[in-house]
Amino acid sequence: MTVGDLSSSPSSSRELHVLAVDDSFVDRKVIERLLRISACKVTTVESGTRALQYLGLDGDKGSSTLKDLKVNLIVTDYSMPGLTGYELLKKIKESSAFREVPVVIMSSENIQPRIQQCMTEGAEGFLLKPVKLADVKRLKELIMRSGEPEDETKHSCPKRILQDDTDSSTSTLSSSLDVSSLDDDTPSSKRMKLEPRAHD
Amino acid sequence: MQRQVALIKQSLLDQGYLDEQFMELEELQDDANPNFVEEVATLYFKDSARLINNIDQALERGSFDFNRLDNYMHQFKGSSTSIGASKVKTECTMFREYCRAGNAEGCLRTFKQLKKEHATLRKKLEQYFQLARQAGPKETARRPK
């Protein structure tokens, strides 16, 4: 497990801190490199369980040490032994501490029901493996834009990241990021409404 | 020498041993990380050796646990895809189809072929990386600063 630098000042840098979860050594190395090139701080873990431990969501109530833990994005593989990416996503969205953190699911398999299931559960996006640098760059752009402070105009056009069917590349992001969760108690219903946009 | 490196890579691509993904990985190299692809390849071959061993043992046992075999192969296919090991990936796909069909003989046959492709790729990549290192970082480090 590669641990990011937790002692660095949490809010002063605009650098994104990404937690990447994948049981494959090879994929962890690749996603880490992709994220580092995109000027992100990266922490990689090899399982959903480890991810929960890292986030302090593993049932241990002692979260005081994690007060300063700032994670801006979680990218997780779907098919992992033990906790799947979907189950990890659910746990994150159930937590008060991290439910606002965008979670993106990666998978080598393009299975529509699976994608839908994840989006319904609150995933910000879905990336088809092998993930490319262009995907990560776009992802970062979207996350940074949505993270910009108190811009009311942003909420008026909720967007989401989704694999774009019309694009010829296998793993793409449309120019959308769902920020509805920021001011909505029922994020899933809002996201359901956005479904048609997936086929832009 | 750099031209030689480029030619070898091109032939690996043309012959289908490697695909676009390998090129994508090379794009991630720079002066600070000149051996990134070789590092990934090393990880891949270490990991896939382990998987091959597991599958060999499972097959030798005689009782075909197709679910477990499919699971191993899913991992194998995943990492092969990530490094751009095209022929190996194809064999993985075929193996999984045989698993789903419960076809033990098909699995055995495909696995033999897979091991062959894997060994060939390993040798070729070892040659390639050795040459690339001798040629110097300029050829493989394509990402502009």
# chains A, B, ... in the order shown; residues from 1 in each chain; ligands from 1
>>> interface_residues(of="chain B", to="chain A", cutoff="10 Å", atoms="only C-alpha atoms", output="JSON, numbers by chain")
{"B": [21, 24, 25, 27, 28, 29, 30, 33, 36, 37, 39, 40, 41, 42, 43, 44, 45, 46, 47, 71, 74, 75, 76, 77, 78, 79, 80, 81, 82, 83, 84]}
>>> residues_around(residues="B:Lys123", least_positions_apart="4", cutoff="12 Å", atoms="only C-alpha atoms", output="PyMOL selection string")
chain B and resi 12+17+41-42+45+116-119+127-130
>>> select_by_dssp(residues="stretch 42-140 of chain B", states="alpha helix (DSSP H)", output="PyMOL selection string")
chain B and resi 42-60+66-83+86-100+104-135
>>> select_by_dssp(residues="stretch 92-146 of chain A", states="strand (DSSP E)", output="list in words")
Val103, Val104, Ile105, Met106, Ser107, Gly125, Phe126, Leu127 and Leu128 of chain A
>>> closest_residue(among="A:Thr43, A:Ser38, A:Ser95, A:Thr84", to="A:Asp58", atoms="only C-alpha atoms")
A:Ser95
>>> residues_around(residues="stretch 63-70 of chain B", least_positions_apart="2", cutoff="9 Å", atoms="only C-alpha atoms", output="list in words")
Asn54, Ile55, Ala58, Leu59, Glu60, Arg61, Tyr72, Met73, His74, Gln75, Phe95, Arg96, Glu97, Tyr98, Cys99, Arg100, Gly102, Asn103 and Ala104 of chain B
>>> atom_distance(atom1="atom CA of A:Val75", atom2="atom CA of A:Lys91")
14.0 Å
